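Right, one structure below, let's go through it.
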Amino acid sequence: MAEKNEAPLIRIQHISKVFRTGAGDFTALEDVNLDFYRGEFIGVVGKSGSGKSTLANMITGIDHPTDGEIVIDGKTVTSMNESDMSVWRGNNLGIVFQFYQLLPMLSLLENVILPMDFCNRFDPAEREVRAHDLLKLVGLADLADKLPAMTSGGQQQSAAIARALANDPPILVADEPTGNLDSRTAESVFELFCQLVDQGKTIIMVTHDPGLAKRTTRMVHIRDGKVTTEEE
Amino acid sequence: MMLRPRWQKVLSDLWKNKTRSILIIASIAVGLLAIGIISSLYFELNQDMTRGFQRINPANIQFKTSLVDADFIDHLKKIEGVREVEGARDLTMQVKTAAGNWNTLNIQSKDFSKSTINDISLLQGTWPPQKNQIVLADHKLKDLDVKLGDWITLQNSEGDQFQLQVVGFIQDQMLGTAGGAGGFFAAEAQGYVSKSTLTTLHVAGSDYYNKIYVTVTGDATDESNLETIGTRVYNDLDDNGITIGNYSLRSSLGHPNIDLVNAIVGILFMLTFLIVFLSGFLITNTLQFLLNQQMQQVGIMKSVGATRRQIILIYVALISIFGILAFFLILPLTRMATDKLMIFLAEQINFTYFGPRLNPWVLVIQIILALVVPLAAASAPVLRGTRLSVQEALSGIQQQTGSAEMGKLDHLLANIKGMSRPILLAVRSVFRNKGRLILTLVTLSLGGAGVYLRFQCAHLFQ
């Protein structure tokens with residue numbers, strides 16, 4: 001469980017994000033300040049276009065803020081360059097996307113091995129064993145050699161979760177992980193997240209489903225790029 | 001142990017979209033094949049023309065003179081620097097073609113059985129010709145339209161007609177050597193008869209010679225050596241009151257057509273470089289297409305921890321494999337095309353082709369180009385594609401960093417009126433990506449220039 005007497009694992013300070021478009025500037029986030037603690041299961045909720053996915057992208061470093069800084073486990077990630085960020089992200093953050101984002105030409109097993117391969121984590125012989133274990137954890141032991149296109153959406157999302165766990169990161173950021181799944185599969189994915197939190201992972205889950213978010217340990221509401229309320 | 005996933009991706013990219021892979025390999029192969037054929041031609045033409053010409057023991061000095069006898073030929077052998085001397089009798093007659101026209105035929109006669117200078121290669125039939133027989137050079141045979149065993153009709157300047165039987169066809173690399181550059185192409189059809197046949201042809205003084213061939217001692221490829229000995233022989237002829245009509249020097253390695261061939265190969269090299277550039281643009285276009293298709297995959301790889309360097313290496317590996325496959329594809333094609341061209345050229349420009357061979361320099365050039373050209377052509381799309389942020393790569397939308405204002409051309413296009421919507425769509429699409437437009441125009445221009453040059457070369461050959 002989260003221990004708020006400790007320093008926050010993730011500190012978001014005065015984060016703003018402005019997108020420049022042909023039609024003019026669009027402010028997606030405005031002066032967002034948040035602290036997330038180790039072992040928390042945070043649900044970030046808001047309507048479509050509220051800025052919740054942009055916030056997730058700032059935390060994962062796949063997009064950069066216009067202003068402000070994010071410190072994760074003592075590291076100011078907003079000042080890193082793209083390549084350093086990739087390496088840091090591969091080792092410290094697992095990302096789960098709404099549309100799974102598996103490489104279509106690789107089997108589920110190979111997709112799970114990929115982060116270990118890029119980050120050079122674990123002994124090469126150990127990687128395959130670990131990937132099998134992770135696929136077993138998410139219930140895909142029998143589908144390891146299948147290509148993503150040969151599996152269902154739920155199975156692909158489970159494989160994406162296994163991939164996110166490949167380098168054993170302390171933090172998982174999931175952007176609408178159940179948004180493309182039926183309710184039964186969504187429930188099993190959520191259950192899996194609960195298990196991971198119990199094992200000590202910190203999970204930030206972006207969702208537009210307040211019902212799902214209510215079941216997390218902490219809920220952050222975002223509206224028009226601003227944090228409106230926080231509930232525990 | 002299983003293959004690392006990143007290399008598995010390379011193999012899958014190669015194998016799973018075969019049409020795209022074939023297109024890229026073909027784009028690379030076009031340039032490689034062109035450079036391979038032209039380089040092979042350059043090396044093999046020079047090797048074979050030099051080697052083949054040296055083998056016939058060509059005359060280094062030749063004179064067209066007034067009539068001299070065999071004793072005078074023996075006398076010339078004593079001049080310092082002269083190694084061998086042979087006399088021959090050249091004459092010109094008319095020959096009746098199958099179509100009934102009269103063509104000019106140059107005839108040469110000498111004691112072929114004892115001849116050591118200007119060896120010929122027998123292509124068909126028998127050699128040397130006996131009385132009332134003639135052997136024809138394969139040069140301009142088509143004009144005469146004769147077969148082995150045919151009897152041809154010759155006519156001298158007095159209008160007397162004679163029948164000789166064609167008993168052989170030969171290749172004579174000395175054809176046109178006295179006529180300077182291009183002499184071979186201007187030379188008339190050539191026949192060879194025995195000294196006894198000269199009597200049949202009513203040639204007065206058939207024991208006399210009007211052509212003198214000389215080979216030299218020392219370095220037969222050294223122009224100053226040839227010049228010195230040539231001047232000595234010339235002065236001797238002059239001192240003895242012999243009229244000299246024509247005098248020429250030739251290195252033992254100097255096939256009469258080699259300069260012409262090198263000039264044409266030079267033009268072909270330019271054409272080849274155009275093709276290599278064209279191939280480079282094709283590769284750039286195709287790889288840009290591949291990178292656009294894989295933009296999302298680049299984003300996924302970055303999101304799971306891949307550095308830009310690792311992703312660049314994946315594409316470098318993929319492109320290198322394309323290059324290597326193209327190299328192996330064009331190896332036999334280069335050999336086959338070069339072989340066919342060499343056989344064709346040997347007949348057209350009168351040299352002996354010594355057959356297919358492996359040319360290490362050509363292989364080195366092709367291997368370097370197979371690896372360097374695709375990588376150079378791919379560098380821009382690969383560097384651009386891998387520079388995108390994860391967000392841009394995953395969404396496929398690049399964030400605007402500069403001004404969003406339209407340029408003059410965009411304003412002009414936006415204000416076009418009076419066209420149907422599909423036409424407007426087509427016109428604006430053409431100018432939407434100006435870099436792509438320039439690349440396409442350059443590719444088409446180079447292609448056009450290549451076709452134009454190809455026809456110019458064909459015209460030049462004719």
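Please note that chains go A, B, ... in the order of the structure tokens, that every chain numbers its residues from 1, and that ligands are numbered from 1 in the order shown.
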Enumerate as a PyMOL selection string the residues belonging to chain B that approach chain A to within 7 Å, with only C-alpha atoms taken into account.
-> chain B and resi 1+4-5+9+12+297+300+302-308+389-391+400+404
Would you please give, as a PyMOL selection string, all residues of stretch 12-143 of chain A that DSSP assigns to helix (DSSP H, G or I) based on the backbone?
-> chain A and resi 52-60+77-79+82-92+108-119+124-137+141-143
Could you turn the residues from that selection into a file that holds N, CA and C atoms, as a compact mmCIF listing (two decimals), in the first residue's frame?
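Below is the file selection.txt, written as the result:
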```txt
# COMPACT_ATOMS: atom_id res chain seq x y z
N LYS A 52 -6.19 14.01 -19.99
CA LYS A 52 -5.70 12.90 -19.16
C LYS A 52 -4.63 12.06 -19.90
N SER A 53 -4.85 11.81 -21.20
CA SER A 53 -3.84 11.05 -21.96
C SER A 53 -2.57 11.86 -22.13
N THR A 54 -2.72 13.18 -22.29
CA THR A 54 -1.54 14.05 -22.40
C THR A 54 -0.72 13.96 -21.11
N LEU A 55 -1.42 13.92 -19.97
CA LEU A 55 -0.72 13.81 -18.69
C LEU A 55 0.07 12.49 -18.63
N ALA A 56 -0.59 11.40 -19.09
CA ALA A 56 0.09 10.09 -19.11
C ALA A 56 1.32 10.16 -20.01
N ASN A 57 1.18 10.83 -21.15
CA ASN A 57 2.31 10.96 -22.07
C ASN A 57 3.46 11.77 -21.47
N MET A 58 3.13 12.73 -20.63
CA MET A 58 4.17 13.52 -19.96
C MET A 58 4.93 12.64 -18.96
N ILE A 59 4.17 11.81 -18.23
CA ILE A 59 4.81 10.95 -17.21
C ILE A 59 5.72 9.92 -17.89
N THR A 60 5.24 9.36 -18.99
CA THR A 60 6.03 8.33 -19.67
C THR A 60 7.15 8.92 -20.52
N VAL A 77 12.88 13.63 -15.30
CA VAL A 77 12.75 13.00 -16.63
C VAL A 77 12.49 14.03 -17.72
N THR A 78 11.96 15.18 -17.35
CA THR A 78 11.63 16.18 -18.37
C THR A 78 12.87 16.86 -18.95
N SER A 79 14.03 16.65 -18.30
CA SER A 79 15.24 17.28 -18.86
C SER A 79 16.08 16.29 -19.67
N GLU A 82 15.92 12.44 -25.91
CA GLU A 82 15.05 11.35 -26.39
C GLU A 82 15.67 9.97 -26.15
N SER A 83 16.97 9.82 -26.46
CA SER A 83 17.59 8.50 -26.33
C SER A 83 17.77 8.09 -24.87
N ASP A 84 18.22 9.05 -24.03
CA ASP A 84 18.36 8.74 -22.59
C ASP A 84 17.00 8.40 -22.00
N MET A 85 15.99 9.12 -22.48
CA MET A 85 14.64 8.89 -21.98
C MET A 85 14.16 7.48 -22.35
N SER A 86 14.49 7.07 -23.60
CA SER A 86 14.09 5.72 -24.05
C SER A 86 14.68 4.66 -23.14
N VAL A 87 15.98 4.80 -22.86
CA VAL A 87 16.65 3.80 -22.02
C VAL A 87 16.06 3.82 -20.61
N TRP A 88 15.90 5.03 -20.07
CA TRP A 88 15.35 5.15 -18.72
C TRP A 88 13.94 4.55 -18.66
N ARG A 89 13.13 4.91 -19.68
CA ARG A 89 11.75 4.44 -19.73
C ARG A 89 11.71 2.91 -19.80
N GLY A 90 12.59 2.35 -20.68
CA GLY A 90 12.61 0.89 -20.84
C GLY A 90 12.89 0.17 -19.54
N ASN A 91 13.70 0.80 -18.70
CA ASN A 91 14.07 0.14 -17.45
C ASN A 91 13.13 0.43 -16.29
N ASN A 92 12.45 1.58 -16.34
CA ASN A 92 11.70 2.02 -15.15
C ASN A 92 10.20 2.14 -15.31
N LEU A 108 3.75 -13.13 -29.85
CA LEU A 108 3.51 -12.54 -28.52
C LEU A 108 4.76 -12.69 -27.67
N LEU A 109 5.39 -13.88 -27.76
CA LEU A 109 6.61 -14.14 -26.98
C LEU A 109 7.71 -13.13 -27.35
N GLU A 110 7.91 -12.95 -28.65
CA GLU A 110 8.96 -12.03 -29.12
C GLU A 110 8.65 -10.58 -28.71
N ASN A 111 7.36 -10.23 -28.75
CA ASN A 111 6.98 -8.89 -28.31
C ASN A 111 7.34 -8.67 -26.85
N VAL A 112 7.17 -9.73 -26.04
CA VAL A 112 7.48 -9.59 -24.61
C VAL A 112 9.00 -9.54 -24.38
N ILE A 113 9.73 -10.26 -25.22
CA ILE A 113 11.20 -10.26 -25.07
C ILE A 113 11.80 -8.91 -25.51
N LEU A 114 11.11 -8.23 -26.43
CA LEU A 114 11.65 -7.02 -27.06
C LEU A 114 12.21 -5.97 -26.07
N PRO A 115 11.48 -5.58 -25.03
CA PRO A 115 12.06 -4.59 -24.10
C PRO A 115 13.33 -5.09 -23.42
N MET A 116 13.38 -6.39 -23.09
CA MET A 116 14.58 -6.95 -22.45
C MET A 116 15.76 -6.89 -23.43
N ASP A 117 15.43 -7.14 -24.71
CA ASP A 117 16.45 -7.12 -25.75
C ASP A 117 17.02 -5.71 -25.92
N PHE A 118 16.13 -4.72 -26.06
CA PHE A 118 16.59 -3.34 -26.27
C PHE A 118 17.34 -2.80 -25.05
N CYS A 119 16.85 -3.13 -23.85
CA CYS A 119 17.48 -2.57 -22.64
C CYS A 119 18.58 -3.46 -22.10
N PRO A 124 20.58 -13.33 -21.92
CA PRO A 124 19.80 -13.67 -23.12
C PRO A 124 19.02 -14.98 -23.00
N ALA A 125 19.61 -15.97 -22.37
CA ALA A 125 18.91 -17.26 -22.25
C ALA A 125 17.73 -17.14 -21.27
N GLU A 126 17.87 -16.24 -20.31
CA GLU A 126 16.84 -16.07 -19.27
C GLU A 126 15.61 -15.33 -19.81
N ARG A 127 15.86 -14.49 -20.85
CA ARG A 127 14.78 -13.64 -21.38
C ARG A 127 13.59 -14.46 -21.85
N GLU A 128 13.88 -15.54 -22.56
CA GLU A 128 12.78 -16.36 -23.11
C GLU A 128 11.98 -17.00 -21.97
N VAL A 129 12.69 -17.48 -20.95
CA VAL A 129 12.02 -18.12 -19.81
C VAL A 129 11.13 -17.10 -19.11
N ARG A 130 11.71 -15.89 -18.95
CA ARG A 130 10.96 -14.84 -18.25
C ARG A 130 9.72 -14.43 -19.07
N ALA A 131 9.90 -14.33 -20.38
CA ALA A 131 8.76 -13.96 -21.23
C ALA A 131 7.66 -15.02 -21.14
N HIS A 132 8.05 -16.29 -21.10
CA HIS A 132 7.05 -17.36 -20.96
C HIS A 132 6.32 -17.22 -19.62
N ASP A 133 7.09 -16.91 -18.57
CA ASP A 133 6.49 -16.75 -17.24
C ASP A 133 5.47 -15.61 -17.23
N LEU A 134 5.85 -14.50 -17.87
CA LEU A 134 4.95 -13.34 -17.90
C LEU A 134 3.69 -13.64 -18.71
N LEU A 135 3.87 -14.36 -19.81
CA LEU A 135 2.69 -14.72 -20.61
C LEU A 135 1.79 -15.67 -19.82
N LYS A 136 2.42 -16.51 -19.02
CA LYS A 136 1.64 -17.42 -18.17
C LYS A 136 0.87 -16.60 -17.12
N LEU A 137 1.53 -15.58 -16.58
CA LEU A 137 0.91 -14.72 -15.57
C LEU A 137 -0.35 -14.05 -16.12
N ALA A 141 -0.13 -18.47 -21.87
CA ALA A 141 0.95 -19.45 -22.01
C ALA A 141 0.83 -20.24 -23.31
N ASP A 142 -0.42 -20.53 -23.71
CA ASP A 142 -0.60 -21.37 -24.91
C ASP A 142 -0.51 -20.58 -26.21
N LEU A 143 -0.48 -19.26 -26.11
CA LEU A 143 -0.51 -18.45 -27.35
C LEU A 143 0.83 -17.75 -27.62
```
Residues within 10 Å of A:Asn33, only C-alpha atoms, excluding chain neighbours under 5 positions, as JSON, numbers by chain = {"A": [11, 12, 13, 14, 15, 16, 68, 69, 70, 226, 227]}
For stretch 222-228 of chain B, work out the shell of residues within 9 Å, counting only C-alpha atoms and skipping chain neighbours fewer than 5 positions away, then give it as a ChimeraX atom specification.
-> /B:60-61,81,216-217,233,249-251
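When DSSP reads the backbone of this structure, the residues of stretch 234-299 of chain B it assigns to strand (DSSP E) are Ile244, Gly245, Asn246, Tyr247, Ser248 and Leu249 of chain B.
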Would you mind exporting C-alpha atoms of the selected residues as a tab-separated table (two decimals), in the first residue's frame?
```tsv
chain	number	residue	atom	x	y	z
B	244	ILE	CA	55.37	5.98	-100.35
B	245	GLY	CA	51.62	6.44	-100.46
B	246	ASN	CA	50.79	5.76	-96.86
B	247	TYR	CA	52.86	5.26	-93.71
B	248	SER	CA	51.57	4.39	-90.25
B	249	LEU	CA	52.90	3.25	-86.89
```
Skipping near chain neighbours, those fewer than 5 positions away, what residues fall within 12 Å of stretch 175-190 of chain A using only C-alpha atoms, listed as an NGL selection string?
-> :A and (41-48 or 51-60 or 94-101 or 137-139 or 152-162 or 164 or 195-197 or 203-216)
Residues from last step as file, C-alpha atoms, as a PDB file, in the first residue's frame:
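Resulting contents of again.pdb:
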```pdb
ATOM      1  CA  PHE A  41      -3.142   2.494  -7.940  1.00  0.00           C
ATOM      2  CA  ILE A  42      -4.190   5.816  -9.414  1.00  0.00           C
ATOM      3  CA  GLY A  43      -7.114   6.287 -11.731  1.00  0.00           C
ATOM      4  CA  VAL A  44      -6.925   9.415 -13.886  1.00  0.00           C
ATOM      5  CA  VAL A  45     -10.396  10.245 -15.146  1.00  0.00           C
ATOM      6  CA  GLY A  46     -11.856  12.868 -17.364  1.00  0.00           C
ATOM      7  CA  LYS A  47     -13.859  13.352 -20.499  1.00  0.00           C
ATOM      8  CA  SER A  48     -12.467  12.941 -23.968  1.00  0.00           C
ATOM      9  CA  GLY A  51      -5.926  16.191 -21.074  1.00  0.00           C
ATOM     10  CA  LYS A  52      -5.696  12.895 -19.159  1.00  0.00           C
ATOM     11  CA  SER A  53      -3.841  11.052 -21.959  1.00  0.00           C
ATOM     12  CA  THR A  54      -1.544  14.048 -22.403  1.00  0.00           C
ATOM     13  CA  LEU A  55      -0.720  13.805 -18.691  1.00  0.00           C
ATOM     14  CA  ALA A  56       0.089  10.093 -19.110  1.00  0.00           C
ATOM     15  CA  ASN A  57       2.312  10.955 -22.074  1.00  0.00           C
ATOM     16  CA  MET A  58       4.171  13.521 -19.959  1.00  0.00           C
ATOM     17  CA  ILE A  59       4.808  10.952 -17.210  1.00  0.00           C
ATOM     18  CA  THR A  60       6.033   8.325 -19.666  1.00  0.00           C
ATOM     19  CA  GLY A  94       5.929  -0.061 -18.392  1.00  0.00           C
ATOM     20  CA  ILE A  95       3.393   1.427 -20.776  1.00  0.00           C
ATOM     21  CA  VAL A  96       0.084  -0.131 -21.732  1.00  0.00           C
ATOM     22  CA  PHE A  97      -1.699   1.547 -24.636  1.00  0.00           C
ATOM     23  CA  GLN A  98      -5.386   1.488 -25.531  1.00  0.00           C
ATOM     24  CA  PHE A  99      -4.663  -0.136 -28.878  1.00  0.00           C
ATOM     25  CA  TYR A 100      -2.036  -2.554 -27.480  1.00  0.00           C
ATOM     26  CA  GLN A 101       0.719  -1.403 -29.869  1.00  0.00           C
ATOM     27  CA  LEU A 137       0.912 -14.719 -15.574  1.00  0.00           C
ATOM     28  CA  VAL A 138      -1.457 -12.971 -17.994  1.00  0.00           C
ATOM     29  CA  GLY A 139      -3.014 -16.259 -19.114  1.00  0.00           C
ATOM     30  CA  SER A 152      -8.284 -11.392 -29.704  1.00  0.00           C
ATOM     31  CA  GLY A 153      -8.169  -7.788 -28.478  1.00  0.00           C
ATOM     32  CA  GLY A 154      -8.190  -8.917 -24.862  1.00  0.00           C
ATOM     33  CA  GLN A 155      -5.358 -11.351 -25.478  1.00  0.00           C
ATOM     34  CA  GLN A 156      -3.337  -8.636 -27.218  1.00  0.00           C
ATOM     35  CA  GLN A 157      -3.909  -6.283 -24.297  1.00  0.00           C
ATOM     36  CA  SER A 158      -2.789  -9.013 -21.875  1.00  0.00           C
ATOM     37  CA  ALA A 159       0.322  -9.538 -23.997  1.00  0.00           C
ATOM     38  CA  ALA A 160       0.919  -5.766 -23.915  1.00  0.00           C
ATOM     39  CA  ILE A 161       0.713  -5.889 -20.102  1.00  0.00           C
ATOM     40  CA  ALA A 162       3.193  -8.792 -20.072  1.00  0.00           C
ATOM     41  CA  ALA A 164       5.115  -3.709 -19.961  1.00  0.00           C
ATOM     42  CA  GLN A 195      -2.580  -8.155  -8.345  1.00  0.00           C
ATOM     43  CA  LEU A 196       0.381  -6.130  -9.587  1.00  0.00           C
ATOM     44  CA  VAL A 197      -0.353  -3.331  -7.122  1.00  0.00           C
ATOM     45  CA  ILE A 203       0.005   1.896 -11.516  1.00  0.00           C
ATOM     46  CA  ILE A 204      -1.385   5.011 -13.141  1.00  0.00           C
ATOM     47  CA  MET A 205      -4.434   4.140 -15.186  1.00  0.00           C
ATOM     48  CA  VAL A 206      -6.022   6.699 -17.479  1.00  0.00           C
ATOM     49  CA  THR A 207      -9.672   5.943 -18.090  1.00  0.00           C
ATOM     50  CA  HIS A 208     -12.877   7.693 -19.072  1.00  0.00           C
ATOM     51  CA  ASP A 209     -14.845   5.128 -17.008  1.00  0.00           C
ATOM     52  CA  PRO A 210     -15.500   6.635 -13.526  1.00  0.00           C
ATOM     53  CA  GLY A 211     -16.847   3.264 -12.335  1.00  0.00           C
ATOM     54  CA  LEU A 212     -13.521   1.589 -12.990  1.00  0.00           C
ATOM     55  CA  ALA A 213     -11.562   4.530 -11.591  1.00  0.00           C
ATOM     56  CA  LYS A 214     -13.542   4.395  -8.341  1.00  0.00           C
ATOM     57  CA  ARG A 215     -12.090   0.951  -7.673  1.00  0.00           C
ATOM     58  CA  THR A 216      -8.528   2.315  -7.665  1.00  0.00           C
TER      59      THR A 216
END
```
Could you pull the residues within 12 Å of A:Gly200, counting only C-alpha atoms, minus those fewer than 6 positions along the same chain, as an MDAnalysis selection string?
-> chainID A and resid 1:3 37:41 168:172 193:194
Selection export as a PDB file, in the first residue's frame, atoms kept: C-alpha atoms:
```pdb
ATOM      1  CA  MET A   1       0.000   0.000   0.000  1.00  0.00           C
ATOM      2  CA  ALA A   2       1.010   3.602  -0.500  1.00  0.00           C
ATOM      3  CA  GLU A   3       2.973   5.222   2.255  1.00  0.00           C
ATOM      4  CA  TYR A  37       3.446   7.441  -4.111  1.00  0.00           C
ATOM      5  CA  ARG A  38       4.970   3.989  -4.317  1.00  0.00           C
ATOM      6  CA  GLY A  39       2.344   1.227  -4.397  1.00  0.00           C
ATOM      7  CA  GLU A  40      -0.553   3.495  -5.348  1.00  0.00           C
ATOM      8  CA  PHE A  41      -3.142   2.494  -7.940  1.00  0.00           C
ATOM      9  CA  ASP A 168      10.258  -5.499 -14.059  1.00  0.00           C
ATOM     10  CA  PRO A 169       9.618  -1.730 -13.871  1.00  0.00           C
ATOM     11  CA  PRO A 170       8.297  -0.297 -10.592  1.00  0.00           C
ATOM     12  CA  ILE A 171       5.732   1.865 -12.448  1.00  0.00           C
ATOM     13  CA  LEU A 172       3.060   0.986 -14.995  1.00  0.00           C
ATOM     14  CA  PHE A 193      -3.598  -4.601 -12.255  1.00  0.00           C
ATOM     15  CA  CYS A 194      -4.868  -5.111  -8.689  1.00  0.00           C
TER      16      CYS A 194
END
```
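You can rank B:Asn285, B:Ala189, B:Ala458, B:Arg51 by their closest distance to B:Leu23 using only C-alpha atoms, and at the top of that list sits B:Asn285.
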Within 12 Å of B:Leu290 using only C-alpha atoms, minus same-chain residues under 5 positions, as a list of chain:residue names = B:Asp13, B:Leu14, B:Asn17, B:Thr19, B:Arg20, B:Ser21, B:Leu23, B:Ile24, B:Ile283, B:Thr284, B:Asn285, B:Met295, B:Gln296, B:Gln297, B:Val298, B:Tyr315, B:Leu318, B:Ile319, B:Ala378, B:Pro381, B:Val382, B:Gly385
Across B:Gly299, B:Ile229, B:Arg335, B:Leu329, the smallest distance to B:Leu388, with only C-alpha atoms counted, is shown by B:Gly299
Pairwise distance, atom CA of B:Lys131 with atom CA of B:Asp143, equals 24.5 Å
